[in-house]
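J.: Once you've had a glance at the structure underneath, I'll fire off some questions.
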Amino acid sequence: MLSPSKETKPTLRLFDLTMIVISLVIGMGIFRTPATVALKSGSLFIFYAAWIAGGIITYCGARTFAEIGRRLPVTGAYYRIFSEAYSPAVAFAINAVTLISNSVTIGGVALIGADYIHGVLPGIPVNAIASGCIIVFYIVNLLGLRTSATTQNIMIGIKLAAIAVIILCLVMLPSAPIPKAVAVITEKVNHSPLAALGIALIAVSFTYGGYQQSINFGGDSDARGQQVPKAIMLGTFLVMAIYILTNIAYVHVIGFEALKSTDNIASVVATNLMGPLGGKLLAAILFVSVCGAINVNFMTNPRVMTAMCEDGVLPKWFTHTDKSRHVDPRALTIFALGSFVSVFVGKSFEHLLNYTIFLDCIGMIFAAGSLFVLAKRLPVTLQLKVLTAVFIIGYAFIGFSVYNDDPAAAINGVIVTAVISLVGWWMLRSRSGGKRHPEEVS
């Protein structure tokens, strides 16, 4: 087992870690993707089946990553699992792709939040609002892990309160009437129900994803490695319940057919409940949701870069940890710069979805597979092996569905991963001073 990092006293409690897990998962997705899932699924049965299947895959993944987090209670564990099970080159490739993808996605998410709040701040360009948001939370994270964790707890509380209002619409509003004729955007369905389920799962998996990154905080919690697994399981169970109830509320208030062509679904629900003021209030809440997504990604992604520097696959000058504040200013700055640049040069969030999910599939499959590789030295129960296998099969199915829906995204994803793998291999070969991390799996 890897020994926890020799740092100052751990600063994250179980409550903090659980809020981080929830924040990593609940971003903008639940306020946007149900419409995409409804359109792609084509039927109410497939719609709910996709969310339930996504929940089952998430549960299997939560069990898998909880076990990984228990056995590798170190900072940057999402990098360590690849390095220990495969090689630093594989770890570099997958994590470099993930870091780039996360950085670009944060830029896109910031633009979405800026669009929502732009009406309240007339005259200020959307790019300026988005970049300003990134700068603010860059500064918050520079102040230290305790400050960013407290900020995150407040923002996730506001976000959960908004979701609670949406769910309450199940009992506060009548169900949507069934229209005699509905003019909606409908895709041509030339695939089987199974294929429709797979394509719908692309957006569902995006909405459920993120919890795996919480294992990066192993070195910031208790040294026995017990808090992170508990937080992952508790956080994902809460998210699953929230998502199922929220989607039932959307269908109840908007109606399934209308949901297919409704962009701002949460705003529609709020307007139905509280009138135009409700729509404006929700815009502010969604902006807070975006801020939470930016903050939590600034908390977790730089920790991966720190681990990569310690392993010698990135130059040492990329990182310098301030142990008193549990923050790495250099790694944080590099990641924040990537997000900042993405605000001005990146494309729409929707365009990035298939690319992001396909790359996530590669990372998830390799990460879960590491448990089987390490099982030779770290025994794994049969039940956990079965759950991990279900998780891997689920993500392989989602990856195939991406190829089925958007072949270019899948092919480009494979090419990018292969190129970066070669770069990582070359860097390790050329860096004579690069050394493996001294900690070993026992």
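Residues in the structure tokens are numbered from 1 in each chain, the chains being A, B, ... in the order shown, and ligands are numbered from 1 in the order shown.
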Which residues come within 12 Å of A:Asn412, counting only C-alpha atoms, excluding same-chain residues fewer than 3 positions away, as a PyMOL selection string?

T.: chain A and resi 97+354-356+358-359+402-403+406-409+415-419

J.: Contacts of A:Ile81 at 10 Å or less, counting only C-alpha atoms, minus same-chain residues fewer than 6 places along, as JSON, numbers by chain?

T.: {"A": [68, 69, 71, 72, 87, 88, 91, 366, 367, 368, 369, 370, 371, 374]}

J.: Just list the residues in stretch 208-423 of chain A DSSP gives alpha helix (DSSP H) on the backbone, as a ChimeraX atom specification.

T.: /A:208,227-254,256-259,265-274,276-310,329-345,349-374,382-405,407-423

J.: Would you pick out the contacts of stretch 24-40 of chain A at 6 Å or less, using only C-alpha atoms, so that residues sharing its chain but fewer than 2 positions from it are not included, and give the list as a PyMOL selection string?

T.: chain A and resi 20-22+42+47+200+203+207-211+259-260+266+289+293

J.: Can you write out the residues you just picked, keeping C-alpha atoms, as a PDB file, in the first residue's frame?

T.:
ATOM      1  CA  ILE A  20     -16.324  17.966  -2.869  1.00  0.00           C
ATOM      2  CA  VAL A  21     -17.653  14.698  -4.340  1.00  0.00           C
ATOM      3  CA  ILE A  22     -21.108  16.230  -4.842  1.00  0.00           C
ATOM      4  CA  GLY A  42     -36.609   9.198 -28.216  1.00  0.00           C
ATOM      5  CA  PHE A  47     -34.975   8.254 -21.034  1.00  0.00           C
ATOM      6  CA  ALA A 200     -28.359   8.835 -24.386  1.00  0.00           C
ATOM      7  CA  ALA A 203     -24.839  12.937 -21.837  1.00  0.00           C
ATOM      8  CA  THR A 207     -23.721  14.496 -15.784  1.00  0.00           C
ATOM      9  CA  TYR A 208     -22.724  11.686 -13.391  1.00  0.00           C
ATOM     10  CA  GLY A 209     -18.948  12.004 -13.881  1.00  0.00           C
ATOM     11  CA  GLY A 210     -16.358  13.699 -11.711  1.00  0.00           C
ATOM     12  CA  TYR A 211     -16.476  11.737  -8.444  1.00  0.00           C
ATOM     13  CA  LEU A 259     -38.472  18.588 -22.817  1.00  0.00           C
ATOM     14  CA  LYS A 260     -36.762  17.474 -26.038  1.00  0.00           C
ATOM     15  CA  ALA A 266     -34.519  24.531 -14.983  1.00  0.00           C
ATOM     16  CA  SER A 289     -23.311  26.458  -9.928  1.00  0.00           C
ATOM     17  CA  ALA A 293     -17.592  23.790 -10.882  1.00  0.00           C
TER      18      ALA A 293
END

J.: Env of A:Leu337: 9 Å cut, atoms = only C-alpha atoms, seq-sep filter 5 positions within chain, self excluded. Answer as number ranges by chain.

T.: A: 103, 332, 342

J.: Please dump the current selection as an mmCIF file, in the first residue's frame; keep N, CA and C atoms.

T.:
data_model
loop_
_atom_site.group_PDB
_atom_site.id
_atom_site.type_symbol
_atom_site.label_atom_id
_atom_site.label_comp_id
_atom_site.auth_asym_id
_atom_site.auth_seq_id
_atom_site.Cartn_x
_atom_site.Cartn_y
_atom_site.Cartn_z
ATOM 1 N N SER A 103 -9.444 21.515 -18.452
ATOM 2 C CA SER A 103 -9.162 22.944 -18.551
ATOM 3 C C SER A 103 -10.039 23.604 -19.615
ATOM 4 N N LEU A 332 -1.478 25.285 -9.961
ATOM 5 C CA LEU A 332 -2.760 25.977 -10.020
ATOM 6 C C LEU A 332 -2.746 27.062 -11.090
ATOM 7 N N SER A 342 -9.017 29.253 -22.779
ATOM 8 C CA SER A 342 -10.142 28.552 -23.403
ATOM 9 C C SER A 342 -11.374 29.444 -23.527
#

J.: Would you kindly return, as a PyMOL selection string, each protein, DNA or RNA residue with an atom no farther than 9 Å from any atom of stretch 267-277 of chain A, considering only C-alpha atoms and excluding same-chain residues fewer than 5 positions away?

T.: chain A and resi 31+165-166+169+172-173+249-250+253-254+262+282-283

J.: Go ahead and write the residues just picked, C-alpha atoms, as a compact mmCIF listing (two decimals), in the first residue's frame.

T.:
# COMPACT_ATOMS: atom_id res chain seq x y z
CA PHE A 31 -29.61 21.86 -15.64
CA VAL A 165 -37.03 23.67 -5.23
CA ILE A 166 -37.14 21.91 -8.61
CA CYS A 169 -42.44 21.05 -8.04
CA MET A 172 -46.41 22.02 -5.87
CA LEU A 173 -47.31 22.07 -9.58
CA ALA A 249 -39.73 16.76 -11.83
CA TYR A 250 -38.66 18.00 -15.28
CA VAL A 253 -43.63 20.08 -15.13
CA ILE A 254 -42.50 20.40 -18.76
CA THR A 262 -36.37 23.03 -24.18
CA LEU A 282 -32.44 30.74 -11.17
CA ALA A 283 -30.01 32.52 -13.51
